[in-house]
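The data block below is protein.cif; it holds mmCIF, C-alpha atoms and all ligand atoms.
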```cif
data_model
#
loop_
_atom_site.label_atom_id
_atom_site.label_comp_id
_atom_site.auth_asym_id
_atom_site.auth_seq_id
_atom_site.Cartn_x
_atom_site.Cartn_y
_atom_site.Cartn_z
CA MET A 1 0.00 0.00 0.00
CA THR A 2 1.32 3.41 -0.98
CA ASN A 3 1.69 6.08 1.66
CA SER A 4 1.47 9.53 0.06
CA ARG A 5 2.48 11.41 3.22
CA ILE A 6 6.25 11.73 3.36
CA SER A 7 7.20 14.33 5.92
CA GLY A 8 10.20 16.55 5.21
CA PHE A 9 10.45 15.36 1.58
CA TYR A 10 11.27 18.89 0.42
CA ASN A 11 14.35 19.09 2.67
CA LEU A 12 15.92 15.82 1.48
CA THR A 13 18.58 15.48 -1.20
CA LEU A 14 17.58 14.08 -4.59
CA GLU A 15 19.07 10.70 -3.64
CA GLU A 16 17.24 10.63 -0.31
CA ARG A 17 13.97 11.56 -2.00
CA ARG A 18 14.32 8.70 -4.46
CA ALA A 19 14.94 6.27 -1.61
CA LYS A 20 11.95 7.59 0.36
CA LEU A 21 9.75 7.42 -2.73
CA ALA A 22 10.68 3.78 -3.36
CA GLU A 23 9.87 2.96 0.26
CA ALA A 24 6.55 4.88 0.33
CA ALA A 25 5.39 3.43 -3.00
CA ASN A 26 6.64 -0.09 -2.29
CA GLN A 27 8.80 -0.06 -5.38
CA THR A 28 12.37 -1.08 -6.08
CA PRO A 29 14.95 1.58 -7.00
CA GLU A 30 15.10 -0.11 -10.45
CA GLU A 31 11.40 0.57 -11.01
CA LEU A 32 12.04 4.27 -10.38
CA LEU A 33 15.24 4.38 -12.46
CA PRO A 34 13.56 5.87 -15.58
CA PHE A 35 12.89 9.03 -13.53
CA THR A 36 16.61 9.43 -12.84
CA THR A 37 17.81 8.82 -16.36
CA GLY A 38 15.00 10.75 -18.06
CA GLY A 39 13.87 7.45 -19.52
CA LEU A 40 13.79 7.95 -23.25
CA SER A 41 16.70 6.81 -25.40
CA ALA A 42 17.72 8.86 -28.44
CA GLU A 43 16.99 5.79 -30.54
CA SER A 44 13.37 5.59 -29.33
CA ALA A 45 12.98 9.34 -29.74
CA ASP A 46 14.15 9.00 -33.32
CA HIS A 47 11.18 6.72 -33.98
CA MET A 48 8.69 9.01 -32.26
CA ILE A 49 8.94 12.20 -34.31
CA GLU A 50 10.79 13.45 -37.37
CA ASN A 51 14.19 15.13 -37.77
CA VAL A 52 15.26 14.21 -34.23
CA ILE A 53 18.47 15.82 -33.05
CA GLY A 54 18.28 15.14 -29.31
CA MET A 55 16.21 15.37 -26.19
CA PHE A 56 14.69 18.16 -24.08
CA SER A 57 14.32 17.64 -20.32
CA LEU A 58 11.89 19.06 -17.77
CA PRO A 59 11.85 18.62 -13.99
CA MET A 60 9.79 15.79 -12.52
CA GLY A 61 8.53 16.27 -8.96
CA ILE A 62 6.21 14.25 -6.73
CA GLY A 63 2.83 15.50 -5.56
CA LEU A 64 2.37 14.34 -1.97
CA ASN A 65 -0.56 13.86 0.42
CA PHE A 66 -3.11 12.92 -2.24
CA MET A 67 -5.91 10.57 -1.26
CA VAL A 68 -8.23 9.79 -4.16
CA ASN A 69 -11.33 7.67 -3.53
CA GLY A 70 -9.86 6.51 -0.24
CA ARG A 71 -6.52 5.45 -1.75
CA ASP A 72 -3.17 7.15 -1.15
CA VAL A 73 -1.41 8.01 -4.38
CA LEU A 74 2.00 9.52 -5.13
CA ILE A 75 1.65 11.66 -8.22
CA PRO A 76 4.44 12.50 -10.68
CA PHE A 77 4.35 16.07 -12.06
CA VAL A 78 6.40 17.19 -15.06
CA VAL A 79 6.43 20.98 -15.13
CA GLU A 80 8.83 23.91 -15.37
CA GLU A 81 6.86 26.33 -13.16
CA PRO A 82 7.78 26.75 -9.47
CA SER A 83 5.00 26.43 -6.84
CA VAL A 84 2.89 23.97 -8.83
CA VAL A 85 4.01 20.78 -7.05
CA ALA A 86 4.22 22.48 -3.64
CA GLY A 87 0.79 24.14 -4.06
CA ALA A 88 -1.00 20.94 -5.07
CA SER A 89 0.70 18.88 -2.33
CA PHE A 90 -0.22 21.42 0.33
CA MET A 91 -3.86 21.57 -0.76
CA ALA A 92 -4.01 17.76 -0.92
CA LYS A 93 -3.00 17.81 2.74
CA LEU A 94 -5.86 20.17 3.62
CA ALA A 95 -8.31 18.10 1.54
CA ARG A 96 -7.16 14.99 3.41
CA ALA A 97 -8.51 16.47 6.61
CA GLY A 98 -11.94 16.44 4.93
CA GLY A 99 -11.62 12.84 3.65
CA GLY A 100 -9.50 13.45 0.57
CA PHE A 101 -10.79 13.69 -3.00
CA THR A 102 -13.72 11.81 -4.47
CA ALA A 103 -13.65 11.32 -8.23
CA THR A 104 -15.70 9.57 -10.91
CA THR A 105 -15.57 9.17 -14.67
CA THR A 106 -18.07 8.44 -17.40
CA GLU A 107 -17.46 5.55 -19.81
CA PRO A 108 -14.38 6.24 -21.99
CA LEU A 109 -16.41 7.37 -25.01
CA MET A 110 -14.71 9.38 -27.74
CA ILE A 111 -16.40 11.16 -30.62
CA GLY A 112 -15.31 10.75 -34.23
CA GLN A 113 -16.64 13.32 -36.71
CA MET A 114 -17.48 12.86 -40.37
CA GLN A 115 -18.39 15.93 -42.43
CA LEU A 116 -20.87 14.96 -45.16
CA ILE A 117 -21.09 17.51 -47.99
CA ASN A 118 -22.73 17.67 -51.45
CA VAL A 119 -25.96 16.20 -50.12
CA ILE A 120 -29.00 16.84 -52.30
CA ASN A 121 -31.66 16.25 -49.61
CA MET A 122 -30.37 16.69 -46.04
CA ASN A 123 -33.44 15.18 -44.32
CA GLU A 124 -33.45 12.15 -46.60
CA ALA A 125 -29.70 11.59 -46.03
CA ARG A 126 -30.11 11.90 -42.27
CA MET A 127 -32.86 9.28 -42.20
CA LYS A 128 -30.90 6.92 -44.44
CA ILE A 129 -27.89 7.07 -42.10
CA TYR A 130 -30.11 6.16 -39.15
CA GLU A 131 -31.68 3.33 -41.19
CA HIS A 132 -28.19 1.87 -41.71
CA LYS A 133 -26.97 2.59 -38.20
CA GLU A 134 -26.55 -1.04 -37.05
CA GLU A 135 -24.62 -2.00 -40.17
CA LEU A 136 -22.36 1.07 -39.84
CA LEU A 137 -21.71 0.40 -36.15
CA ALA A 138 -20.88 -3.23 -36.93
CA ALA A 139 -18.35 -2.12 -39.58
CA ALA A 140 -16.74 0.38 -37.17
CA ASP A 141 -16.66 -2.25 -34.44
CA GLU A 142 -14.41 -4.51 -36.48
CA ILE A 143 -11.46 -2.18 -36.85
CA ASP A 144 -9.72 -3.02 -33.60
CA PRO A 145 -10.16 -6.62 -32.39
CA ILE A 146 -7.96 -6.02 -29.32
CA LEU A 147 -10.03 -3.04 -28.23
CA LYS A 148 -13.16 -5.15 -28.78
CA LYS A 149 -11.69 -7.98 -26.71
CA PHE A 150 -11.30 -5.55 -23.80
CA GLY A 151 -14.91 -4.40 -24.09
CA GLY A 152 -14.47 -1.37 -26.34
CA GLY A 153 -15.95 -0.63 -29.75
CA ALA A 154 -18.56 1.40 -31.62
CA ARG A 155 -21.50 2.46 -29.44
CA ASP A 156 -23.66 4.94 -31.32
CA LEU A 157 -24.11 7.17 -34.36
CA GLU A 158 -25.58 10.66 -34.12
CA VAL A 159 -26.47 12.84 -37.10
CA ARG A 160 -26.28 16.64 -36.81
CA MET A 161 -27.48 19.14 -39.39
CA ILE A 162 -25.38 22.26 -39.85
CA ASP A 163 -27.69 24.82 -41.44
CA ASN A 164 -25.67 27.95 -41.90
CA SER A 165 -22.00 27.53 -42.57
CA PRO A 166 -19.84 29.63 -44.92
CA ILE A 167 -20.25 26.86 -47.54
CA GLY A 168 -23.97 26.34 -46.93
CA PRO A 169 -25.64 23.41 -45.16
CA PHE A 170 -23.95 20.07 -44.51
CA ILE A 171 -24.31 17.06 -42.23
CA VAL A 172 -22.00 16.00 -39.40
CA ILE A 173 -22.07 12.39 -38.26
CA HIS A 174 -20.73 11.58 -34.81
CA LEU A 175 -19.42 8.09 -34.20
CA ILE A 176 -19.39 7.34 -30.47
CA TYR A 177 -16.59 4.90 -29.72
CA ASP A 178 -15.64 3.23 -26.45
CA VAL A 179 -11.84 3.30 -26.39
CA ARG A 180 -11.36 1.67 -22.95
CA ASP A 181 -7.76 2.31 -21.75
CA ALA A 182 -6.51 4.05 -24.90
CA MET A 183 -6.53 7.77 -25.59
CA GLY A 184 -8.41 6.59 -28.64
CA ALA A 185 -7.42 8.94 -31.46
CA ASN A 186 -6.09 6.15 -33.68
CA ALA A 187 -9.04 3.83 -33.23
CA VAL A 188 -11.58 6.60 -33.80
CA ASN A 189 -9.82 8.07 -36.84
CA THR A 190 -9.46 4.62 -38.40
CA ALA A 191 -13.13 3.86 -37.78
CA CYS A 192 -14.23 7.16 -39.35
CA GLU A 193 -12.08 6.53 -42.40
CA LYS A 194 -13.59 3.07 -42.72
CA LEU A 195 -17.18 4.33 -42.48
CA ALA A 196 -16.70 7.18 -44.98
CA PRO A 197 -17.20 5.16 -48.23
CA LEU A 198 -20.17 3.31 -46.71
CA ILE A 199 -21.82 6.61 -45.77
CA GLU A 200 -21.13 8.01 -49.24
CA ALA A 201 -22.77 4.94 -50.81
CA ILE A 202 -25.81 5.26 -48.50
CA THR A 203 -26.35 9.02 -48.97
CA GLY A 204 -24.85 9.88 -52.37
CA GLY A 205 -22.92 12.71 -50.64
CA LYS A 206 -19.19 13.09 -50.08
CA VAL A 207 -17.51 12.53 -46.72
CA HIS A 208 -14.95 15.29 -46.43
CA LEU A 209 -13.23 15.38 -42.98
CA ARG A 210 -12.92 12.23 -40.86
CA ILE A 211 -11.32 12.97 -37.50
CA LEU A 212 -11.93 12.68 -33.77
CA SER A 213 -13.21 15.65 -31.78
CA ASN A 214 -11.08 16.93 -28.91
CA LEU A 215 -14.23 18.23 -27.28
CA ALA A 216 -14.48 14.85 -25.54
CA ASP A 217 -17.67 15.71 -23.67
CA ARG A 218 -18.74 12.06 -23.48
CA ARG A 219 -15.54 11.22 -21.57
CA ILE A 220 -15.78 13.35 -18.47
CA ALA A 221 -13.86 13.19 -15.19
CA ARG A 222 -15.33 14.75 -12.05
CA ALA A 223 -13.75 15.52 -8.67
CA ARG A 224 -14.98 16.87 -5.35
CA CYS A 225 -13.34 17.78 -2.07
CA THR A 226 -14.42 19.24 1.26
CA ILE A 227 -12.06 21.36 3.32
CA PRO A 228 -12.87 21.98 6.96
CA VAL A 229 -12.81 25.73 7.62
CA SER A 230 -10.24 25.25 10.41
CA GLU A 231 -7.75 23.86 7.84
CA LEU A 232 -7.99 26.87 5.56
CA THR A 233 -5.84 29.04 7.79
CA VAL A 234 -2.87 26.62 7.95
CA GLY A 235 0.09 28.79 6.97
CA PHE A 236 -2.10 31.92 7.02
CA GLU A 237 -2.74 32.13 10.77
CA SER A 238 -3.53 35.84 10.69
CA PHE A 239 -6.72 35.10 8.68
CA LYS A 240 -10.02 33.69 9.92
CA GLY A 241 -11.07 30.39 8.28
CA GLU A 242 -14.42 31.86 7.21
CA THR A 243 -12.63 34.81 5.60
CA VAL A 244 -10.39 32.50 3.56
CA ARG A 245 -13.37 30.32 2.57
CA ASP A 246 -15.51 33.28 1.50
CA GLY A 247 -12.51 34.77 -0.30
CA ILE A 248 -12.09 31.57 -2.33
CA ILE A 249 -15.81 31.53 -3.16
CA ALA A 250 -15.68 35.20 -4.25
CA ALA A 251 -12.61 34.45 -6.39
CA TRP A 252 -14.50 31.62 -8.08
CA ALA A 253 -17.54 33.90 -8.64
CA PHE A 254 -15.22 36.24 -10.56
CA ALA A 255 -14.11 33.38 -12.85
CA ALA A 256 -17.66 32.07 -13.18
CA THR A 257 -18.85 35.37 -14.64
CA ASP A 258 -15.85 36.92 -16.42
CA PRO A 259 -14.05 35.15 -19.31
CA TYR A 260 -10.89 37.24 -18.74
CA ARG A 261 -10.60 35.88 -15.22
CA ALA A 262 -11.89 32.40 -16.20
CA ALA A 263 -8.98 31.97 -18.65
CA THR A 264 -6.43 32.54 -15.84
CA HIS A 265 -8.45 30.51 -13.32
CA ASN A 266 -8.58 27.56 -15.73
CA LYS A 267 -4.89 28.02 -16.54
CA GLY A 268 -4.24 27.39 -12.84
CA ILE A 269 -6.26 24.15 -13.08
CA MET A 270 -4.28 23.13 -16.17
CA ASN A 271 -0.98 23.73 -14.30
CA GLY A 272 -1.79 20.59 -12.36
CA VAL A 273 -3.67 18.67 -15.03
CA ASP A 274 -0.99 19.09 -17.73
CA SER A 275 1.83 18.20 -15.34
CA VAL A 276 0.40 14.71 -14.82
CA VAL A 277 -0.77 14.39 -18.42
CA ILE A 278 2.81 15.04 -19.58
CA ALA A 279 4.34 12.78 -16.91
CA THR A 280 2.24 9.90 -18.23
CA GLY A 281 3.10 10.51 -21.89
CA ASN A 282 -0.38 11.72 -22.80
CA ASP A 283 -1.35 14.35 -25.37
CA TRP A 284 -1.61 17.59 -23.37
CA ARG A 285 -2.70 19.62 -26.40
CA ALA A 286 -5.76 17.37 -26.70
CA ILE A 287 -6.54 17.83 -23.00
CA GLU A 288 -6.06 21.61 -23.24
CA ALA A 289 -8.29 21.88 -26.34
CA GLY A 290 -11.00 19.75 -24.71
CA ALA A 291 -10.86 21.66 -21.42
CA HIS A 292 -11.25 25.11 -22.95
CA ALA A 293 -13.93 24.04 -25.44
CA TYR A 294 -15.83 22.46 -22.54
CA ALA A 295 -15.46 25.64 -20.51
CA ALA A 296 -17.21 27.50 -23.35
CA ARG A 297 -19.93 24.91 -23.97
CA ALA A 298 -22.77 27.16 -22.78
CA GLY A 299 -21.79 29.85 -25.31
CA ARG A 300 -19.65 31.86 -22.90
CA TYR A 301 -16.25 30.84 -21.53
CA THR A 302 -16.43 30.14 -17.80
CA SER A 303 -14.75 28.38 -14.88
CA LEU A 304 -14.29 24.62 -15.06
CA SER A 305 -14.50 24.38 -11.25
CA THR A 306 -16.99 25.52 -8.63
CA TRP A 307 -16.44 26.61 -5.00
CA GLY A 308 -19.11 26.93 -2.32
CA LYS A 309 -19.90 25.80 1.23
CA ASP A 310 -21.79 22.85 2.71
CA LYS A 311 -24.41 22.88 5.49
CA ASP A 312 -21.67 22.91 8.14
CA GLY A 313 -19.88 25.83 6.55
CA ASN A 314 -17.01 23.73 5.11
CA LEU A 315 -15.52 24.74 1.78
CA VAL A 316 -16.60 22.45 -1.07
CA GLY A 317 -14.85 22.38 -4.46
CA THR A 318 -15.80 20.54 -7.63
CA LEU A 319 -14.16 20.16 -11.02
CA GLU A 320 -15.63 18.62 -14.16
CA MET A 321 -13.83 18.41 -17.49
CA PRO A 322 -13.15 16.12 -20.46
CA MET A 323 -10.24 13.79 -19.78
CA ALA A 324 -9.11 11.82 -22.84
CA VAL A 325 -6.06 10.09 -21.39
CA GLY A 326 -4.80 6.57 -21.99
CA ILE A 327 -2.43 4.13 -20.34
CA VAL A 328 -1.80 1.93 -23.39
CA GLY A 329 -0.34 2.91 -26.73
CA GLY A 330 1.28 6.13 -27.91
CA ALA A 331 4.06 7.80 -25.95
CA THR A 332 2.79 6.22 -22.73
CA LYS A 333 3.89 2.86 -24.05
CA VAL A 334 7.19 3.97 -25.61
CA HIS A 335 8.44 6.28 -22.87
CA PRO A 336 9.93 4.35 -19.92
CA ALA A 337 9.42 7.30 -17.53
CA ALA A 338 5.75 7.55 -18.53
CA GLN A 339 5.34 3.84 -17.84
CA ALA A 340 7.09 4.21 -14.51
CA ALA A 341 4.76 7.16 -13.73
CA VAL A 342 1.65 5.05 -14.39
CA LYS A 343 3.10 2.28 -12.24
CA LEU A 344 4.03 4.67 -9.43
CA MET A 345 0.39 5.79 -9.20
CA GLY A 346 -0.78 2.17 -9.12
CA VAL A 347 -3.16 2.95 -11.96
CA LYS A 348 -4.75 -0.03 -13.74
CA THR A 349 -7.21 1.75 -16.05
CA ALA A 350 -7.34 4.99 -18.02
CA SER A 351 -10.39 5.98 -15.94
CA GLU A 352 -8.38 5.72 -12.72
CA LEU A 353 -5.71 7.93 -14.24
CA ALA A 354 -8.37 10.45 -15.34
CA GLU A 355 -9.77 10.48 -11.79
CA ILE A 356 -6.36 11.26 -10.30
CA ILE A 357 -5.68 14.02 -12.84
CA VAL A 358 -8.98 15.82 -12.22
CA CYS A 359 -8.25 15.79 -8.47
CA VAL A 360 -4.84 17.33 -9.12
CA GLY A 361 -6.56 20.05 -11.17
CA LEU A 362 -8.91 20.80 -8.28
CA ALA A 363 -6.05 20.91 -5.73
CA GLN A 364 -4.07 23.23 -7.98
CA ASN A 365 -7.05 25.53 -8.42
CA MET A 366 -7.53 25.72 -4.67
CA ALA A 367 -3.84 26.50 -4.12
CA ALA A 368 -4.05 29.47 -6.49
CA LEU A 369 -7.37 30.76 -5.15
CA ARG A 370 -6.32 30.48 -1.50
CA ALA A 371 -3.16 32.46 -2.17
CA LEU A 372 -4.96 35.03 -4.36
CA ALA A 373 -7.76 35.47 -1.82
CA THR A 374 -5.33 36.08 1.07
CA GLU A 375 -1.78 37.40 0.77
CA GLY A 376 -1.63 37.41 -3.06
CA ILE A 377 0.24 35.03 -5.33
CA GLN A 378 3.61 36.74 -5.40
CA ARG A 379 5.06 36.01 -1.94
CA GLY A 380 4.98 32.21 -2.29
CA HIS A 381 5.75 32.41 -5.98
CA MET A 382 8.68 34.76 -5.54
CA SER A 383 10.83 32.64 -3.25
CA LEU A 384 10.59 29.75 -5.70
CA HIS A 385 11.01 32.02 -8.69
CA ALA A 386 14.12 33.47 -7.01
CA ARG A 387 15.72 30.01 -6.95
CA GLN A 388 15.13 29.69 -10.69
CA VAL A 389 16.69 33.12 -11.25
CA ALA A 390 19.67 32.15 -9.08
CA LEU A 391 20.10 29.00 -11.17
CA ALA A 392 19.91 31.03 -14.37
CA ALA A 393 22.66 33.29 -13.01
CA GLY A 394 24.93 30.27 -12.57
CA ALA A 395 24.47 29.46 -8.86
CA THR A 396 25.02 25.83 -7.93
CA SER A 397 24.29 23.61 -4.90
CA ASP A 398 23.83 25.55 -1.62
CA MET A 399 24.56 28.88 -3.33
CA ILE A 400 21.15 28.65 -5.03
CA ASP A 401 19.22 29.04 -1.79
CA LYS A 402 21.59 31.69 -0.44
CA VAL A 403 21.38 33.87 -3.55
CA ALA A 404 17.61 33.36 -3.71
CA ALA A 405 17.12 34.31 -0.05
CA GLN A 406 19.11 37.51 -0.47
CA MET A 407 17.15 38.54 -3.58
CA VAL A 408 13.84 37.90 -1.78
CA ALA A 409 15.03 39.95 1.23
CA GLU A 410 16.05 42.77 -1.10
CA LYS A 411 12.82 42.36 -3.19
CA ALA A 412 15.08 42.41 -6.26
CA ILE A 413 14.62 39.16 -8.15
CA ARG A 414 16.60 39.64 -11.36
CA VAL A 415 19.32 37.64 -13.06
CA SER A 416 21.62 40.70 -13.05
CA ARG A 417 21.24 41.05 -9.26
CA ALA A 418 21.75 37.30 -8.77
CA GLU A 419 25.01 37.55 -10.73
CA GLU A 420 26.19 40.42 -8.53
CA ILE A 421 25.32 38.54 -5.33
CA LEU A 422 27.11 35.46 -6.64
CA LYS A 423 30.25 37.48 -7.36
CA GLU A 424 30.10 39.05 -3.87
CA MET A 425 29.70 35.62 -2.25
CA GLU A 426 32.54 34.15 -4.27
CA LYS A 427 34.86 36.86 -2.92
CA ILE A 428 34.17 35.81 0.69
C1 LIG B 501 -0.23 30.84 -12.57
O1 LIG B 501 0.49 29.87 -13.31
C2 LIG B 501 -1.65 30.35 -12.28
C3 LIG B 501 -2.54 31.39 -11.59
O2 LIG B 501 -2.57 32.60 -12.33
C4 LIG B 501 -3.93 30.78 -11.51
C5 LIG B 501 -5.01 31.72 -11.03
O3 LIG B 501 -4.87 32.95 -11.17
O4 LIG B 501 -6.03 31.21 -10.55
C6 LIG B 501 -2.03 31.74 -10.22
#
```

Spit out the file's structure as structure tokens when you get a sec.
Amino acid sequence: MTNSRISGFYNLTLEERRAKLAEAANQTPEELLPFTTGGLSAESADHMIENVIGMFSLPMGIGLNFMVNGRDVLIPFVVEEPSVVAGASFMAKLARAGGGFTATTTEPLMIGQMQLINVINMNEARMKIYEHKEELLAAADEIDPILKKFGGGARDLEVRMIDNSPIGPFIVIHLIYDVRDAMGANAVNTACEKLAPLIEAITGGKVHLRILSNLADRRIARARCTIPVSELTVGFESFKGETVRDGIIAAWAFAATDPYRAATHNKGIMNGVDSVVIATGNDWRAIEAGAHAYAARAGRYTSLSTWGKDKDGNLVGTLEMPMAVGIVGGATKVHPAAQAAVKLMGVKTASELAEIIVCVGLAQNMAALRALATEGIQRGHMSLHARQVALAAGATSDMIDKVAAQMVAEKAIRVSRAEEILKEMEKI
């Protein structure tokens, strides 16, 4: 059983952290080795994309304290921004006091789109597609026997009429496909390409585009957490719990009503979501596209999360968003560090991974809102940012913290100042 609470993790050396992680996750150092080496060989990379010349690394950190559906989970984050891992871990600790996170997912249904143009009678074509629905679903079902063996396959066909487009009316056919533990893009695109000639024969029209939709609104992940008011002041003892709670709710109200604020609010959610999506080798552009399209589904862009209080006055947060992630195929399969990440989380299905990711998004959102609603984002951000600036100025080992601390004290966090401080320290 994994224990996600590792006290003092931040203060350990890299080596000590790796040893603690292996112990807490019940894994051997070999199982965690891909995190140390970066995991991907140049040879594998050469087969992944074109014109490969090398590799590009990002830091991987561990999100602590998470309890998702009653299970402790250690969560790998891949991200370049300071405060993300610390913020999520801290909020997971507060959420733990209220029972941790509860998360659910819908069935892993993806949508494939086919654009049918040059149709003489739209209503007639629509009816004909429905008349042949079973035969079309059976044809789509055949494309991936392995997926079918694991319970996936074609589930439904929906026909939409687009009345006023710049090229006039056309039909869009949605193929609903259960992709089980895959992200699903390949299966869905293949199925759409297979159905296209059949649909053309049935309707007499021409199937133009055949591609999955990243607005994966049939594949939703949902998370909820309750934070006791007393926990909200941890680290901010000069504030009253109710003040912090109401401040978070007011911050959410801003995002719920104003797209300018909602974009930043949702960016904070994606700080956490993308970090785990990347760590597991998933397609973060697909997740980003789906999230923002979902946030605008009512016709106006809004917050993906909600914040309010329960009957006892506790803070309650929820997050709901599309989550098209897989644990088989694609980069997840090829990248040893992504595989090690999936294993570290003890995830056996894509749905379980989606549930963890949506909880991370909610924790990250709370971290940002709690800071914004109290002392502002900059204080916490700045000390971590200062370390990055010190690094950029050439500081190494214990000089990083010393240079950073001096810049924070002076409120002058610039590479030029870090260079000066470094020079002064080197003289001593
Ligand atoms: C920064 O990466 C994310 C925040 O701007 C999110 C927010 O404003 O809610 C702090």

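Picture a line from atom CA of Arg71 of chain A to atom CA of Leu319 of chain A; it runs 19.0 Å.
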
Find the residues near ligand LIG 501 (chain B). Use a cut-off of 9 Å, count all atoms listed in the file, and write them as a compact mmCIF listing (two decimals) with C-alpha atoms, in the coordinates of the input.
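Resulting contents of result08.txt:
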```
# COMPACT_ATOMS: atom_id res chain seq x y z
CA GLU A 81 6.86 26.33 -13.16
CA PRO A 82 7.78 26.75 -9.47
CA SER A 83 5.00 26.43 -6.84
CA VAL A 84 2.89 23.97 -8.83
CA ALA A 251 -12.61 34.45 -6.39
CA TRP A 252 -14.50 31.62 -8.08
CA ALA A 255 -14.11 33.38 -12.85
CA ARG A 261 -10.60 35.88 -15.22
CA ALA A 262 -11.89 32.40 -16.20
CA ALA A 263 -8.98 31.97 -18.65
CA THR A 264 -6.43 32.54 -15.84
CA HIS A 265 -8.45 30.51 -13.32
CA ASN A 266 -8.58 27.56 -15.73
CA LYS A 267 -4.89 28.02 -16.54
CA GLY A 268 -4.24 27.39 -12.84
CA ILE A 269 -6.26 24.15 -13.08
CA MET A 270 -4.28 23.13 -16.17
CA ASN A 271 -0.98 23.73 -14.30
CA GLN A 364 -4.07 23.23 -7.98
CA ASN A 365 -7.05 25.53 -8.42
CA MET A 366 -7.53 25.72 -4.67
CA ALA A 367 -3.84 26.50 -4.12
CA ALA A 368 -4.05 29.47 -6.49
CA LEU A 369 -7.37 30.76 -5.15
CA ALA A 371 -3.16 32.46 -2.17
CA LEU A 372 -4.96 35.03 -4.36
CA ILE A 377 0.24 35.03 -5.33
CA GLN A 378 3.61 36.74 -5.40
CA HIS A 381 5.75 32.41 -5.98
```

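Using all atoms listed in the file, the nearest neighbour of Val229 of chain A within the list A:Asn121, A:Asn314, A:Ser213, A:Asn189 is A:Asn314.
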
Which is closest to Thr36 of chain A among A:Val276, A:Ile211, A:Met60, A:Ala191, if we use only C-alpha atoms?
A:Met60

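Using all atoms listed in the file, the smallest distance between any of A:Met183, A:Ala256, A:Val342, A:Ile129 and Leu147 of chain A comes from A:Met183.
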
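Here atom CA of Arg180 of chain A is placed at a distance of 28.6 Å from atom CA of Ser41 of chain A.
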
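As for atom CA of Ser44 of chain A and atom CA of Glu80 of chain A, they are spaced 23.5 Å apart.
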
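Closest approach to Ser303 of chain A among A:Gly329, A:Pro259, A:Gly112, A:Gly317: A:Pro259, based on all atoms listed in the file.
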
Skip Ala97 of chain A itself and residues of its chain fewer than 5 positions away, then list as number ranges by chain all residues within 9 Å of it, counting all atoms listed in the file.
A: 92, 226-228, 231

Of the candidates A:Pro145, A:Met382, A:Gly54, A:Ile176, which one gets nearest to Val408 of chain A if we count all atoms listed in the file?
A:Met382

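Taking all atoms listed in the file into account, Gly100 of chain A lies nearest to A:Val316 out of the set A:Met1, A:Gln115, A:Trp307, A:Val316.
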
May I have the residues within 9 Å of segment 152-168 of chain A as a PyMOL selection string, using only C-alpha atoms and disregarding those fewer than 4 positions away in the same chain?
chain A and resi 108-109+122-123+126-127+129-130+133-134+136-148+172-181+187-188+191

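Near Glu320 of chain A, within 7 Å and counting only C-alpha atoms, sit A:Ile220, A:Ala221, A:Arg222, A:Ala223, A:Leu304, A:Ser305; same-chain residues fewer than 4 positions away were not included.
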
Save out the residues we just selected, C-alpha atoms, as a compact mmCIF listing (two decimals), in the coordinates of the input.
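Written output follows (part37.txt):
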```txt
# COMPACT_ATOMS: atom_id res chain seq x y z
CA ILE A 220 -15.78 13.35 -18.47
CA ALA A 221 -13.86 13.19 -15.19
CA ARG A 222 -15.33 14.75 -12.05
CA ALA A 223 -13.75 15.52 -8.67
CA LEU A 304 -14.29 24.62 -15.06
CA SER A 305 -14.50 24.38 -11.25
```

Sphere at (-4.8, 19.4, 5.3), radius 12 Å, counting only C-alpha atoms: residues as a ChimeraX atom specification
/A:5,64-67,87-101,225-235,363,367

In the coordinate frame of the file, compute which residues have an atom within 9 Å of (-2.7, 6.2, -2.9) when using all atoms listed in the file, and state them as a count of residues only.
18

So that I can see what lies close to Leu33 of chain A, please list as a PyMOL selection string the residues with an atom at most 10 Å from it, counting all atoms listed in the file and leaving out residues fewer than 3 positions away in the same chain.
chain A and resi 18+28-30+36-39+336-337+340

Resulting file, chosen residues, C-alpha atoms, as a PDB file, in the coordinates of the input:
```
ATOM      1  CA  ARG A  18      14.320   8.700  -4.460  1.00  0.00           C
ATOM      2  CA  THR A  28      12.370  -1.080  -6.080  1.00  0.00           C
ATOM      3  CA  PRO A  29      14.950   1.580  -7.000  1.00  0.00           C
ATOM      4  CA  GLU A  30      15.100  -0.110 -10.450  1.00  0.00           C
ATOM      5  CA  THR A  36      16.610   9.430 -12.840  1.00  0.00           C
ATOM      6  CA  THR A  37      17.810   8.820 -16.360  1.00  0.00           C
ATOM      7  CA  GLY A  38      15.000  10.750 -18.060  1.00  0.00           C
ATOM      8  CA  GLY A  39      13.870   7.450 -19.520  1.00  0.00           C
ATOM      9  CA  PRO A 336       9.930   4.350 -19.920  1.00  0.00           C
ATOM     10  CA  ALA A 337       9.420   7.300 -17.530  1.00  0.00           C
ATOM     11  CA  ALA A 340       7.090   4.210 -14.510  1.00  0.00           C
TER      12      ALA A 340
END
```

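The neighbours of Ile120 of chain A here are the residues that come within 9 Å of it, using only C-alpha atoms and leaving out any residue fewer than 2 positions away in the same chain; they are Asn118, Met122, Glu124, Ala125, Thr203, Gly204 and Gly205 of chain A.
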
Just write the chosen residues, C-alpha atoms, as an mmCIF file, in the coordinates of the input.
```cif
data_model
loop_
_atom_site.group_PDB
_atom_site.id
_atom_site.type_symbol
_atom_site.label_atom_id
_atom_site.label_comp_id
_atom_site.auth_asym_id
_atom_site.auth_seq_id
_atom_site.Cartn_x
_atom_site.Cartn_y
_atom_site.Cartn_z
ATOM 1 C CA ASN A 118 -22.730 17.670 -51.450
ATOM 2 C CA MET A 122 -30.370 16.690 -46.040
ATOM 3 C CA GLU A 124 -33.450 12.150 -46.600
ATOM 4 C CA ALA A 125 -29.700 11.590 -46.030
ATOM 5 C CA THR A 203 -26.350 9.020 -48.970
ATOM 6 C CA GLY A 204 -24.850 9.880 -52.370
ATOM 7 C CA GLY A 205 -22.920 12.710 -50.640
#
```
